[in-house]
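Novice: Just upload27.cif, nothing more (mmCIF, C-alpha atoms):
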data_upload
loop_
_atom_site.label_atom_id
_atom_site.label_comp_id
_atom_site.auth_asym_id
_atom_site.auth_seq_id
_atom_site.Cartn_x
_atom_site.Cartn_y
_atom_site.Cartn_z
CA MET A 394 -23.88 10.83 -23.00
CA PHE A 395 -23.37 14.08 -21.11
CA ASN A 396 -25.61 16.90 -19.92
CA ILE A 397 -23.68 20.19 -19.84
CA ILE A 398 -25.28 22.51 -17.29
CA VAL A 399 -24.57 26.25 -17.21
CA ARG A 400 -26.06 29.20 -15.34
CA ALA A 401 -27.40 31.50 -18.06
CA ARG A 402 -29.21 31.00 -21.35
CA LYS A 403 -26.51 32.91 -23.25
CA ASP A 404 -23.93 30.50 -21.78
CA ALA A 405 -26.07 27.60 -22.97
CA LYS A 406 -26.16 29.10 -26.46
CA ALA A 407 -22.33 29.12 -26.58
CA ILE A 408 -22.18 25.48 -25.43
CA GLN A 409 -24.90 24.42 -27.85
CA TYR A 410 -22.78 25.74 -30.72
CA ILE A 411 -19.95 23.41 -29.62
CA ASN A 412 -22.44 20.60 -29.14
CA GLU A 413 -23.69 20.95 -32.71
CA ARG A 414 -20.22 21.47 -34.20
CA ASN A 415 -18.32 18.71 -32.41
CA TYR A 416 -20.87 16.23 -31.03
CA GLY A 417 -23.62 16.32 -33.63
CA GLY A 418 -25.98 17.94 -31.12
CA TRP A 419 -26.28 14.66 -29.19
CA PHE A 420 -25.24 16.08 -25.82
CA LYS A 421 -27.90 17.70 -23.68
CA VAL A 422 -27.32 21.38 -22.82
CA SER A 423 -29.22 22.83 -19.86
CA SER A 424 -29.51 26.37 -18.51
CA LEU A 425 -30.34 27.20 -14.89
CA GLY A 426 -32.29 30.22 -16.11
CA GLY A 427 -29.79 32.93 -15.18
CA GLY A 428 -30.33 33.08 -11.42
CA ARG A 429 -27.34 33.79 -9.19
CA LYS A 430 -28.60 32.20 -5.97
CA PHE A 431 -29.43 28.56 -5.39
CA GLU A 432 -33.07 29.18 -4.55
CA GLU A 433 -33.42 30.98 -7.88
CA VAL A 434 -32.12 28.07 -9.94
CA VAL A 435 -33.16 24.98 -7.99
CA ASP A 436 -36.28 24.26 -10.05
CA ASN A 437 -34.38 24.49 -13.34
CA LEU A 438 -31.61 22.36 -11.87
CA ARG A 439 -33.98 19.59 -10.83
CA GLU A 440 -35.61 19.68 -14.25
CA ALA A 441 -32.18 19.35 -15.90
CA LEU A 442 -31.29 16.42 -13.65
CA GLU A 443 -34.38 14.48 -14.72
CA SER A 444 -32.27 13.28 -17.65
CA SER A 445 -30.03 10.26 -17.06
CA TYR A 446 -27.18 11.94 -18.96
CA ILE A 447 -24.04 12.47 -16.87
CA PRO A 448 -23.86 16.11 -15.60
CA ILE A 449 -20.95 18.39 -16.47
CA LEU A 450 -21.28 21.75 -14.72
CA LEU A 451 -19.51 24.76 -16.22
CA PHE A 452 -19.42 28.05 -14.28
CA GLY A 453 -17.48 31.30 -14.50
CA GLU A 454 -15.18 32.79 -11.86
CA LYS A 455 -17.97 34.91 -10.34
CA GLU A 456 -20.23 31.87 -9.91
CA LYS A 457 -18.11 29.74 -7.54
CA GLU A 458 -20.54 29.91 -4.62
CA LEU A 459 -23.50 28.96 -6.82
CA ALA A 460 -21.45 26.11 -8.29
CA GLU A 461 -20.80 24.70 -4.80
CA ASP A 462 -24.50 24.88 -3.88
CA VAL A 463 -25.55 23.24 -7.15
CA SER A 464 -22.95 20.48 -6.83
CA ARG A 465 -24.33 19.44 -3.45
CA GLU A 466 -27.69 18.74 -5.08
CA ILE A 467 -26.30 16.12 -7.48
CA LYS A 468 -26.13 12.42 -6.71
CA GLY A 469 -24.04 10.02 -8.76
CA PRO A 470 -21.07 10.86 -10.99
CA TYR A 471 -20.65 14.48 -12.11
CA TYR A 472 -17.89 17.05 -12.56
CA THR A 473 -17.83 20.79 -11.90
CA ARG A 474 -15.37 23.10 -13.66
CA ILE A 475 -14.82 26.75 -12.72
CA LEU A 476 -13.53 28.46 -15.85
CA ARG A 477 -10.98 31.25 -15.79
CA THR A 478 -13.44 33.77 -17.26
CA LYS A 479 -16.25 35.64 -15.49
CA ARG A 480 -18.89 33.88 -17.54
CA VAL A 481 -18.89 30.71 -19.62
CA ARG A 482 -19.69 32.60 -22.81
CA ASN A 483 -16.65 34.87 -22.34
CA MET A 484 -14.27 32.00 -23.10
CA ARG A 485 -13.11 31.33 -26.65
CA VAL A 486 -15.04 28.54 -28.35
CA ASP A 487 -11.97 26.35 -28.94
CA GLU A 488 -10.90 26.73 -25.31
CA LEU A 489 -14.36 25.76 -24.14
CA TYR A 490 -14.18 22.70 -26.37
CA GLU A 491 -10.76 21.77 -24.92
CA ASN A 492 -12.22 21.99 -21.41
CA ILE A 493 -15.08 19.68 -22.36
CA GLU A 494 -12.68 17.17 -23.94
CA GLU A 495 -10.50 17.17 -20.82
CA ILE A 496 -13.53 16.65 -18.57
CA LYS A 497 -14.72 13.76 -20.78
CA ALA A 498 -11.29 12.18 -20.31
CA ARG A 499 -11.61 12.62 -16.54
CA PHE A 500 -14.77 10.53 -16.46
CA ARG A 501 -12.99 7.79 -18.40
CA LEU A 502 -9.54 7.90 -16.80
CA GLY A 503 -10.00 9.33 -13.32
CA VAL A 504 -9.41 6.82 -10.51
CA SER A 505 -9.20 6.88 -6.72
CA TRP A 506 -7.72 4.14 -4.52
CA VAL A 507 -10.37 3.24 -1.92
CA ASN A 508 -10.59 0.28 0.47
CA ASN A 509 -8.17 -1.93 -1.50
CA GLY A 510 -9.96 -1.30 -4.77
CA TYR A 511 -10.06 1.10 -7.71
CA LEU A 512 -12.93 3.59 -7.80
CA PHE A 513 -13.74 5.43 -11.03
CA ASP A 514 -13.69 9.08 -10.03
CA PRO A 515 -13.31 12.20 -12.23
CA GLN A 516 -11.54 13.91 -9.30
CA ASN A 517 -8.69 11.46 -10.04
CA THR A 518 -7.00 11.42 -6.65
CA MET A 519 -4.54 8.77 -7.92
CA GLY A 520 -3.17 11.33 -10.34
CA ILE A 521 -3.53 9.19 -13.46
CA GLU A 522 -2.20 11.15 -16.44
CA LEU A 523 -5.18 12.60 -18.29
CA HIS A 524 -5.25 12.76 -22.07
CA PRO A 525 -8.25 12.61 -24.45
CA ASP A 526 -6.69 9.70 -26.36
CA TYR A 527 -5.63 7.54 -23.37
CA ASP A 528 -7.49 4.55 -21.97
CA ILE A 529 -7.44 2.44 -18.81
CA TYR A 530 -8.13 -1.25 -18.49
CA PHE A 531 -7.69 -4.00 -15.91
CA ALA A 532 -5.10 -6.77 -16.17
CA PHE A 533 -6.36 -9.88 -14.44
CA GLY A 534 -6.57 -13.63 -14.82
CA LYS A 535 -4.05 -16.34 -13.99
CA GLY A 536 -2.90 -16.50 -17.59
CA PHE A 537 -2.31 -12.75 -17.77
CA ARG A 538 -0.10 -12.79 -14.67
CA ARG A 539 1.73 -15.95 -15.72
CA ASN A 540 2.51 -14.63 -19.20
CA MET A 541 3.67 -11.25 -17.92
CA ILE A 542 6.09 -12.91 -15.52
CA LYS A 543 7.32 -15.54 -17.96
CA LEU A 544 7.67 -13.40 -21.08
CA LEU A 545 8.48 -9.95 -19.67
CA GLY A 546 9.69 -10.52 -16.13
CA VAL A 547 6.95 -8.22 -14.82
CA ASP A 548 4.60 -9.33 -12.04
CA PRO A 549 1.36 -7.28 -12.18
CA GLY A 550 -0.29 -9.26 -9.39
CA ASP A 551 -3.71 -10.84 -9.66
CA PHE A 552 -5.42 -7.54 -10.51
CA ALA A 553 -3.70 -4.44 -11.90
CA LEU A 554 -4.77 -1.15 -13.42
CA VAL A 555 -3.19 -0.27 -16.77
CA LEU A 556 -2.98 3.21 -18.29
CA ARG A 557 -2.73 2.74 -22.04
CA LYS A 558 -1.20 5.73 -23.80
CA THR A 559 -0.81 6.43 -27.50
CA MET A 560 1.53 4.18 -29.52
CA ASN A 561 0.64 1.23 -27.21
CA ARG A 562 2.71 2.53 -24.29
CA GLU A 563 1.39 1.19 -20.99
CA GLU A 564 1.86 2.02 -17.31
CA TYR A 565 0.96 -0.67 -14.77
CA TYR A 566 -0.36 0.07 -11.28
CA SER A 567 -0.61 -2.28 -8.32
CA GLY A 568 -2.77 -0.55 -5.76
CA PRO A 569 -1.95 3.18 -5.95
CA ASN A 570 1.67 2.52 -6.97
CA LYS A 571 3.09 2.56 -10.48
CA ILE A 572 5.10 -0.66 -10.87
CA ALA A 573 6.10 -0.86 -14.55
CA GLU A 574 6.20 0.88 -17.90
CA ILE A 575 6.06 -1.21 -21.06
CA GLU A 576 6.18 -0.26 -24.74
CA LYS A 577 4.18 -2.45 -27.14
CA VAL A 578 4.76 -0.34 -30.23
CA ILE A 579 3.52 -2.04 -33.40
CA GLY A 580 6.38 -3.29 -35.56
CA LYS A 581 8.92 -3.16 -32.73
CA PRO A 582 9.91 -5.68 -30.04
CA THR A 583 8.12 -5.33 -26.71
CA ASP A 584 10.26 -3.19 -24.41
CA VAL A 585 10.08 -3.10 -20.59
CA LYS A 586 11.29 0.41 -19.79
CA TRP A 587 11.40 -0.21 -16.04
CA ARG A 588 9.80 -2.37 -13.33
CA ILE A 589 9.48 -2.33 -9.54
CA PRO A 590 8.60 -5.50 -7.57
CA ALA A 591 5.92 -3.84 -5.43
CA VAL A 592 2.79 -5.95 -5.91
CA MET A 593 -0.12 -5.26 -3.55
CA PRO A 594 -3.26 -7.34 -2.95
CA VAL A 595 -6.03 -5.83 -5.07
CA SER A 596 -9.51 -7.31 -5.30
CA LEU A 597 -11.55 -7.59 -8.50
CA GLU A 598 -14.65 -8.19 -6.40
CA ASP A 599 -14.06 -5.07 -4.29
CA SER A 600 -13.41 -2.93 -7.37
CA LEU A 601 -16.58 -4.29 -8.93
CA THR A 602 -18.64 -3.47 -5.84
CA LEU A 603 -17.12 0.01 -5.52
CA ASN A 604 -18.14 0.92 -9.07
CA VAL A 605 -21.69 -0.39 -9.31
CA GLU A 606 -23.24 3.09 -8.89
CA TYR A 607 -20.82 4.69 -11.36
CA ILE A 608 -21.31 2.08 -14.08
CA GLU A 609 -25.08 1.98 -13.60
CA ALA A 610 -25.17 5.76 -14.10
CA PHE A 611 -23.32 5.43 -17.41
CA GLU A 612 -25.55 2.50 -18.36
CA LYS A 613 -28.69 4.62 -17.79
CA ALA A 614 -27.23 7.47 -19.84
CA SER A 615 -26.38 5.10 -22.72
CA MET A 616 -29.81 3.48 -22.55
CA GLU A 617 -31.55 6.88 -22.69
CA PHE A 618 -29.44 7.69 -25.75
CA LEU A 619 -30.29 4.38 -27.43
CA SER A 620 -34.01 4.81 -26.73
CA LYS A 621 -34.10 7.60 -29.32
CA PHE A 622 -33.87 4.91 -32.02
CA GLN A 623 -36.81 2.70 -31.03
CA ASP A 624 -38.33 2.75 -34.51
CA LYS A 625 -35.32 1.12 -36.19
CA ASP A 626 -34.18 -2.42 -37.00
CA VAL A 627 -31.35 -2.74 -34.47
CA ILE A 628 -28.22 -4.59 -35.57
CA VAL A 629 -25.03 -5.01 -33.56
CA PRO A 630 -21.84 -5.93 -35.45
CA TRP A 631 -20.42 -8.35 -32.89
CA SER A 632 -16.85 -9.61 -32.88
CA GLY A 633 -16.87 -11.20 -29.43
CA GLY A 634 -14.56 -8.44 -28.20
CA LYS A 635 -15.39 -6.51 -25.04
CA ASP A 636 -16.63 -3.33 -26.72
CA SER A 637 -19.08 -4.91 -29.14
CA THR A 638 -20.23 -7.22 -26.33
CA ALA A 639 -20.99 -4.25 -24.06
CA ALA A 640 -22.86 -2.54 -26.92
CA LEU A 641 -24.85 -5.74 -27.45
CA ILE A 642 -25.79 -5.96 -23.75
CA LEU A 643 -27.02 -2.36 -23.78
CA ALA A 644 -29.02 -2.86 -26.97
CA SER A 645 -30.64 -6.02 -25.59
CA LYS A 646 -31.84 -4.03 -22.56
CA VAL A 647 -33.37 -1.22 -24.61
CA PHE A 648 -34.87 -2.94 -27.67
CA ASP A 649 -37.27 -5.86 -27.85
CA ASP A 650 -35.70 -7.24 -31.01
CA VAL A 651 -31.91 -7.16 -31.50
CA THR A 652 -29.89 -8.94 -34.19
CA ALA A 653 -26.16 -9.52 -33.79
CA VAL A 654 -24.05 -10.07 -36.90
CA TYR A 655 -20.89 -12.09 -36.40
CA VAL A 656 -18.62 -11.82 -39.43
CA LYS A 657 -16.26 -14.73 -38.97
CA MET A 658 -12.97 -14.17 -40.77
CA GLU A 659 -10.93 -17.19 -41.79
CA TYR A 660 -8.15 -16.19 -39.38
CA GLU A 661 -10.45 -15.21 -36.52
CA MET A 662 -9.02 -15.14 -33.00
CA PRO A 663 -9.28 -18.59 -31.38
CA LEU A 664 -12.04 -19.38 -28.86
CA THR A 665 -14.30 -16.73 -30.41
CA ASP A 666 -16.86 -19.13 -31.88
CA GLU A 667 -17.44 -20.75 -28.51
CA TYR A 668 -17.68 -17.39 -26.76
CA ILE A 669 -20.17 -16.00 -29.31
CA GLU A 670 -22.39 -19.06 -29.01
CA LYS A 671 -22.37 -19.01 -25.21
CA VAL A 672 -23.14 -15.30 -24.82
CA ALA A 673 -25.76 -15.21 -27.59
CA LYS A 674 -27.64 -18.02 -25.88
CA LYS A 675 -27.53 -16.27 -22.52
CA LEU A 676 -28.70 -12.92 -23.92
CA GLY A 677 -31.36 -14.51 -26.11
CA ILE A 678 -30.61 -12.36 -29.16
CA ASN A 679 -30.92 -13.18 -32.85
CA LEU A 680 -27.57 -14.17 -34.34
CA ILE A 681 -26.48 -14.06 -37.97
CA GLU A 682 -23.11 -15.66 -38.71
CA THR A 683 -21.38 -15.14 -42.00
CA LYS A 684 -18.02 -16.66 -42.92
CA VAL A 685 -15.40 -14.79 -44.92
CA PRO A 686 -12.43 -16.60 -46.53
CA MET A 687 -9.10 -14.76 -46.58
CA PRO A 688 -7.14 -15.60 -49.75
CA ILE A 689 -3.70 -14.72 -48.39
CA GLU A 690 -2.06 -16.77 -51.13
CA LYS A 691 -3.55 -14.28 -53.61
CA PHE A 692 -3.26 -10.94 -51.79
CA GLY A 693 -0.48 -11.59 -49.29
CA LEU A 694 -0.66 -10.78 -45.59
CA PRO A 695 -2.74 -7.67 -44.83
CA THR A 696 -0.68 -4.53 -44.23
CA HIS A 697 -1.43 -1.07 -42.87
CA SER A 698 -1.45 0.30 -46.41
CA ASN A 699 -3.48 -2.59 -47.84
CA ARG A 700 -6.19 -3.80 -45.48
CA TRP A 701 -8.00 -5.84 -48.12
CA CYS A 702 -9.42 -8.02 -45.35
CA THR A 703 -11.28 -5.09 -43.77
CA LYS A 704 -13.00 -4.38 -47.06
CA MET A 705 -14.17 -8.00 -47.25
CA LYS A 706 -15.41 -7.91 -43.65
CA VAL A 707 -17.38 -4.70 -44.19
CA GLU A 708 -18.92 -6.04 -47.39
CA ALA A 709 -20.08 -9.17 -45.55
CA LEU A 710 -21.64 -7.02 -42.83
CA TYR A 711 -23.51 -4.84 -45.30
CA ASN A 712 -24.77 -7.88 -47.20
CA ALA A 713 -26.33 -9.09 -43.95
CA VAL A 714 -27.73 -5.65 -43.15
CA ALA A 715 -29.32 -5.38 -46.61
CA GLU A 716 -31.99 -7.86 -45.52
CA PHE A 717 -33.46 -5.34 -43.06
CA ARG A 718 -35.99 -2.62 -43.86
CA ASP A 719 -34.70 0.28 -41.73
CA PRO A 720 -31.42 -0.77 -40.11
CA VAL A 721 -29.34 1.07 -37.54
CA LEU A 722 -25.95 -0.23 -36.41
CA VAL A 723 -25.15 -0.15 -32.68
CA VAL A 724 -21.35 -0.22 -32.64
CA GLY A 725 -18.80 -0.49 -29.83
CA ASP A 726 -16.57 2.43 -30.90
CA ARG A 727 -14.92 4.30 -28.02
CA ASP A 728 -13.05 7.61 -27.84
CA SER A 729 -9.84 6.09 -26.53
CA GLU A 730 -9.38 3.67 -29.44
CA SER A 731 -7.93 6.42 -31.65
CA ALA A 732 -7.99 10.19 -32.12
CA ARG A 733 -9.92 9.63 -35.34
CA ARG A 734 -12.72 7.82 -33.51
CA ARG A 735 -12.74 10.41 -30.71
CA LEU A 736 -13.37 13.20 -33.18
CA LYS A 737 -16.46 11.49 -34.62
CA PRO A 738 -19.86 12.43 -33.15
CA PRO A 739 -21.76 9.62 -31.38
CA VAL A 740 -24.10 9.22 -34.37
CA ILE A 741 -22.95 9.21 -37.97
CA GLU A 742 -24.66 8.44 -41.25
CA ARG A 743 -22.51 6.17 -43.39
CA LYS A 744 -22.94 5.78 -47.14
CA THR A 745 -22.92 2.08 -48.03
CA PRO A 746 -23.67 -0.04 -51.10
CA VAL A 747 -27.06 -0.85 -49.53
CA GLY A 748 -27.99 2.76 -48.79
CA ASN A 749 -27.28 5.27 -46.03
CA ILE A 750 -27.11 3.64 -42.58
CA LEU A 751 -26.90 5.25 -39.15
CA GLU A 752 -24.15 4.10 -36.79
CA ILE A 753 -24.71 4.87 -33.11
CA MET A 754 -22.09 4.55 -30.38
CA PRO A 755 -23.55 4.03 -26.89
CA ILE A 756 -20.21 3.35 -25.12
CA LYS A 757 -18.22 6.05 -26.92
CA PHE A 758 -17.29 7.79 -23.65
CA TRP A 759 -16.50 4.68 -21.59
CA SER A 760 -13.07 3.34 -20.70
CA GLY A 761 -11.92 -0.20 -21.35
CA ALA A 762 -12.00 -0.77 -17.58
CA MET A 763 -15.63 0.36 -17.40
CA VAL A 764 -16.51 -1.99 -20.26
CA GLN A 765 -14.79 -4.92 -18.53
CA LEU A 766 -16.65 -4.39 -15.25
CA TYR A 767 -19.94 -3.81 -17.07
CA ILE A 768 -19.76 -7.20 -18.74
CA LEU A 769 -18.91 -8.87 -15.43
CA MET A 770 -21.73 -6.98 -13.67
CA ASN A 771 -24.11 -8.56 -16.16
CA LYS A 772 -22.98 -12.05 -15.11
CA LEU A 773 -21.10 -12.68 -18.33
CA GLU A 774 -17.48 -13.62 -18.82
CA LEU A 775 -14.99 -11.75 -20.94
CA HIS A 776 -13.53 -13.41 -24.00
CA PRO A 777 -10.90 -15.77 -22.50
CA LEU A 778 -8.01 -14.19 -24.44
CA TYR A 779 -8.37 -11.00 -22.37
CA CYS A 780 -7.34 -13.08 -19.36
CA GLU A 781 -4.17 -14.16 -21.19
CA GLY A 782 -2.82 -10.65 -21.80
CA PHE A 783 -4.66 -9.23 -24.80
CA TYR A 784 -6.01 -5.65 -24.79
CA ARG A 785 -7.87 -5.95 -28.09
CA LEU A 786 -9.01 -8.78 -30.36
CA GLY A 787 -8.76 -8.84 -34.14
CA CYS A 788 -7.50 -11.53 -36.48
CA THR A 789 -4.42 -13.67 -35.98
CA VAL A 790 -2.85 -12.12 -39.12
CA CYS A 791 -3.82 -8.51 -38.39
CA PRO A 792 -1.16 -5.90 -39.26
CA SER A 793 -2.06 -4.11 -36.01
CA LEU A 794 -0.86 -7.00 -33.87
CA ALA A 795 1.92 -5.86 -31.56
CA HIS A 796 4.92 -8.10 -30.85
CA TRP A 797 3.40 -8.84 -27.44
CA GLU A 798 0.22 -10.18 -29.02
CA ILE A 799 2.13 -12.26 -31.55
CA ILE A 800 4.26 -13.95 -28.87
CA LEU A 801 1.11 -14.57 -26.82
CA LEU A 802 -0.48 -16.35 -29.77
CA LYS A 803 2.72 -18.36 -30.14
CA GLU A 804 2.76 -19.18 -26.42
CA LEU A 805 -0.85 -20.39 -26.60
CA ASN A 806 -0.20 -22.45 -29.78
CA PHE A 807 -2.59 -20.26 -31.78
CA LEU A 808 -0.17 -18.47 -34.11
CA PRO A 809 -0.72 -19.37 -37.80
CA LYS A 810 2.34 -20.71 -39.58
CA ILE A 811 2.23 -17.83 -42.05
CA MET A 812 2.97 -15.46 -39.13
CA GLU A 813 6.07 -17.33 -37.97
CA LYS A 814 8.29 -15.30 -40.30
CA LYS A 815 6.99 -12.02 -38.88
CA LEU A 816 7.70 -13.22 -35.34
CA LYS A 817 11.24 -14.23 -36.27
CA GLU A 818 11.87 -10.81 -37.81
CA LEU A 819 10.78 -9.08 -34.61
CA GLU A 820 12.86 -11.41 -32.46
CA SER A 821 15.88 -10.77 -34.69
CA ALA A 822 15.36 -7.02 -34.38
CA SER A 823 15.18 -7.42 -30.60
CA LYS A 824 18.55 -9.24 -30.55
CA ASP A 825 20.15 -6.62 -32.76
CA GLU A 826 18.99 -3.82 -30.41
CA ALA A 827 20.33 -5.73 -27.42
#
What would you get if you wrote out this structure as structure tokens?

Specialist:
Amino acid sequence: MFNIIVRARKDAKAIQYINERNYGGWFKVSSLGGGRKFEEVVDNLREALESSYIPILLFGEKEKELAEDVSREIKGPYYTRILRTKRVRNMRVDELYENIEEIKARFRLGVSWVNNGYLFDPQNTMGIELHPDYDIYFAFGKGFRRNMIKLLGVDPGDFALVLRKTMNREEYYSGPNKIAEIEKVIGKPTDVKWRIPAVMPVSLEDSLTLNVEYIEAFEKASMEFLSKFQDKDVIVPWSGGKDSTAALILASKVFDDVTAVYVKMEYEMPLTDEYIEKVAKKLGINLIETKVPMPIEKFGLPTHSNRWCTKMKVEALYNAVAEFRDPVLVVGDRDSESARRRLKPPVIERKTPVGNILEIMPIKFWSGAMVQLYILMNKLELHPLYCEGFYRLGCTVCPSLAHWEIILLKELNFLPKIMEKKLKELESASKDEA
């Protein structure tokens, strides 16, 4: 979560309106009391910084000097924005909101190249393209590199940074250099737009070490946010994917009693059962597993317009949740998964067949890369399919599977026979385009 710090109380009032309207009031908004010199605001500043929430400082054009003095007082990740108006409250509400959204994206996407590693940095000296709906993640693992070379003719090296844009368009970086652009648009063959053989040695270990302070700061902010729900029965819907795993780790650090619910679909991604069992044992959490059959012979393969499987999965989750007195769901939703998810506040109340249930999103403002390193920092492994080339994990018959994911499943001998026809159709389309 973020703490938006402004100079004057009237500025804070303008920001609080946006906070209530767009973020459900879950951001912290702090005023420096109206002083114009550092010595006049220092006490209010230090009080504001007692929160673990990540600071965003907004100042007007006439407050540049104060902004510089205040910035020097802050340790850990933060970002300062000088607005084009004299005072924060002089800017239109929608423009203020756009500035906040862009700054949020900076924390998630900004990267600097330092000492042969990637450093998360909202200053973004690498010049990564910033967009509220983009994500970054790391491509690593022997299988990932092998499959990229074999199937696409692209060598990402042992450790690459990937900017994931909308429509599954990806840019690959080796060191500070962009080396490839690949389109993985759903329903179309995977397309390598261009590639450059310019692989550099990049270290996972160095990147992990460089980002300990940054990730720990976001961890503390998320834990402070979660601590507001201490009186609830905490349940984590856990798929074995990176996001729900990160949410589970956070919950296990904040609450004494955490229950994970693993809804196992009939066509679950392979290796998930083993991963769930291993991580659950290491974290020492309660685990409920419920199996859901998928009668494809009756309903046909799931499609974007008929996701009957999702309905069955949600029903199974709520049936498990119904056993608890006062449940709250800690979910792994993140802004960069879709514009729809980004526009949701970090806490929502969902109407369900078992009553109204709160969903809280502690990693909403994290990137995929931050999630990956967070799991590794906690001495856990990622689901092994991430190291083969997958960005996300669903079911092996999911309509959201891109061609790249389908051919990976085929390459690993995990593709169900009922998906063979879909793969052939994509391959045929690829030949026709060629």

Novice: Within 10 Å of Ala715 in chain A, counting all atoms listed in the file, which residues show up once you throw out same-chain ones fewer than 2 positions away? Write them as a list in words, please.

Specialist: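 The filter keeps Leu710, Tyr711, Asn712, Ala713, Phe717, Arg718, Asp719, Pro720, Thr745, Pro746, Val747 and Gly748 of chain A.
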
Novice: Which residue, A:Ala614, A:Val651, A:Val547, A:Val507, has the smallest gap to Phe395 in chain A when you use only C-alpha atoms?

Specialist: A:Ala614

Novice: On this structure, the PyMOL selection byres ((chain A and resi 758) around 12) would catch which residues? List them as JSON, numbers by chain, sorted by chain and number.

Specialist: {"A": [394, 395, 416, 420, 446, 447, 494, 495, 496, 497, 498, 499, 500, 501, 502, 525, 526, 527, 528, 608, 611, 612, 614, 615, 636, 725, 726, 727, 728, 729, 730, 734, 735, 736, 737, 738, 739, 754, 755, 756, 757, 759, 760, 761, 762, 763, 764]}

Novice: Which centre and edge lengths in Å to one decimal define the box along x, y and z that fits every listed atom of range 766-779 of chain A plus 3 Å per side, as AutoDock Vina command-line options?

Specialist:
--center_x -16.1 --center_y -9.8 --center_z -19.1 --size_x 22.1 --size_y 18.0 --size_z 16.8

Novice: Taking all atoms listed in the file into account, name the residue in A:Lys814, A:Arg400, A:Lys479, A:Arg414 that is nearest to Leu451 in chain A.

Specialist: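 Looking only at the distances to Leu451 in chain A, the closest residue turns out to be A:Arg400.
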
Novice: Counting all atoms listed in the file, write as a compact mmCIF listing (two decimals) with C-alpha atoms, in the frame of the given file all protein and nucleic acid residues lying at most 12 Å from (-23.1, 28.1, -26.4) in the file's frame.

Specialist:
# COMPACT_ATOMS: atom_id res chain seq x y z
CA ILE A 397 -23.68 20.19 -19.84
CA ILE A 398 -25.28 22.51 -17.29
CA VAL A 399 -24.57 26.25 -17.21
CA ARG A 400 -26.06 29.20 -15.34
CA ALA A 401 -27.40 31.50 -18.06
CA ARG A 402 -29.21 31.00 -21.35
CA LYS A 403 -26.51 32.91 -23.25
CA ASP A 404 -23.93 30.50 -21.78
CA ALA A 405 -26.07 27.60 -22.97
CA LYS A 406 -26.16 29.10 -26.46
CA ALA A 407 -22.33 29.12 -26.58
CA ILE A 408 -22.18 25.48 -25.43
CA GLN A 409 -24.90 24.42 -27.85
CA TYR A 410 -22.78 25.74 -30.72
CA ILE A 411 -19.95 23.41 -29.62
CA ASN A 412 -22.44 20.60 -29.14
CA GLU A 413 -23.69 20.95 -32.71
CA ARG A 414 -20.22 21.47 -34.20
CA GLY A 418 -25.98 17.94 -31.12
CA LYS A 421 -27.90 17.70 -23.68
CA VAL A 422 -27.32 21.38 -22.82
CA SER A 423 -29.22 22.83 -19.86
CA SER A 424 -29.51 26.37 -18.51
CA LEU A 451 -19.51 24.76 -16.22
CA ARG A 480 -18.89 33.88 -17.54
CA VAL A 481 -18.89 30.71 -19.62
CA ARG A 482 -19.69 32.60 -22.81
CA ASN A 483 -16.65 34.87 -22.34
CA MET A 484 -14.27 32.00 -23.10
CA ARG A 485 -13.11 31.33 -26.65
CA VAL A 486 -15.04 28.54 -28.35
CA ASP A 487 -11.97 26.35 -28.94
CA LEU A 489 -14.36 25.76 -24.14
CA TYR A 490 -14.18 22.70 -26.37

Novice: List the residues selected by the PyMOL selection byres ((chain A and resi 655) around 6) in the file shown, writing them as a PDB file with C-alpha atoms, keeping the file's coordinate frame.

Specialist:
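Below you can see result19.pdb, which holds the result:
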ATOM      1  CA  TRP A 631     -20.420  -8.350 -32.890  1.00  0.00           C
ATOM      2  CA  SER A 632     -16.850  -9.610 -32.880  1.00  0.00           C
ATOM      3  CA  VAL A 654     -24.050 -10.070 -36.900  1.00  0.00           C
ATOM      4  CA  VAL A 656     -18.620 -11.820 -39.430  1.00  0.00           C
ATOM      5  CA  LYS A 657     -16.260 -14.730 -38.970  1.00  0.00           C
ATOM      6  CA  GLU A 682     -23.110 -15.660 -38.710  1.00  0.00           C
TER       7      GLU A 682
END

Novice: Could you name the residues that touch Ile628 in chain A at 9 Å or less, counting all atoms listed in the file, but leaving out those on the same chain fewer than 6 positions away, as a list in words?

Specialist: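 Near Ile628 in chain A, the qualifying residues are Leu641, Ala644, Val651, Thr652, Ala653, Val654, Val714, Pro720, Val721, Leu722, Val723 and Val724 of chain A.
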
Novice: Have a look at A:Ser645, A:Thr638, A:Ser596, A:Asn415 and name the one nearest to Gln765 in chain A; count only C-alpha atoms.

Specialist: A:Thr638

Novice: Between CA of Ala460 in chain A and CA of Glu609 in chain A, measure the distance and give it in Å to one decimal.

Specialist: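 Straight-line distance from CA of Ala460 in chain A to CA of Glu609 in chain A works out to 25.0 Å.
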
Novice: Run through the PyMOL selection byres ((chain A and resi 545) around 10) on the given coordinates and return the selected residues as a ChimeraX atom specification.

Specialist: /A:539-544,546-548,575,583-585,588,797

Novice: Could you give me, as a list in words, the residues within 12 Å of Lys468 in chain A, counting all atoms listed in the file and dropping anything in the same chain fewer than 4 positions from it?

Specialist: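 Within the cut-off, the hits are Arg439, Leu442, Glu443, Ser445, Ile447, Pro448, Val463, Ser464, Tyr472, Glu606, Tyr607 and Ala610 of chain A.
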
Novice: What gap, in Å, lies between CA of Glu454 in chain A and CA of Gln516 in chain A?

Specialist: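 Distance reported for this atom pair: 19.4 Å.
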
Novice: So, with only C-alpha atoms as the atoms that count, which of A:Glu432, A:Leu476, A:Pro470, A:Thr703 lies closest to Lys457 in chain A?

Specialist: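 Smallest distance to Lys457 in chain A is found for A:Leu476.
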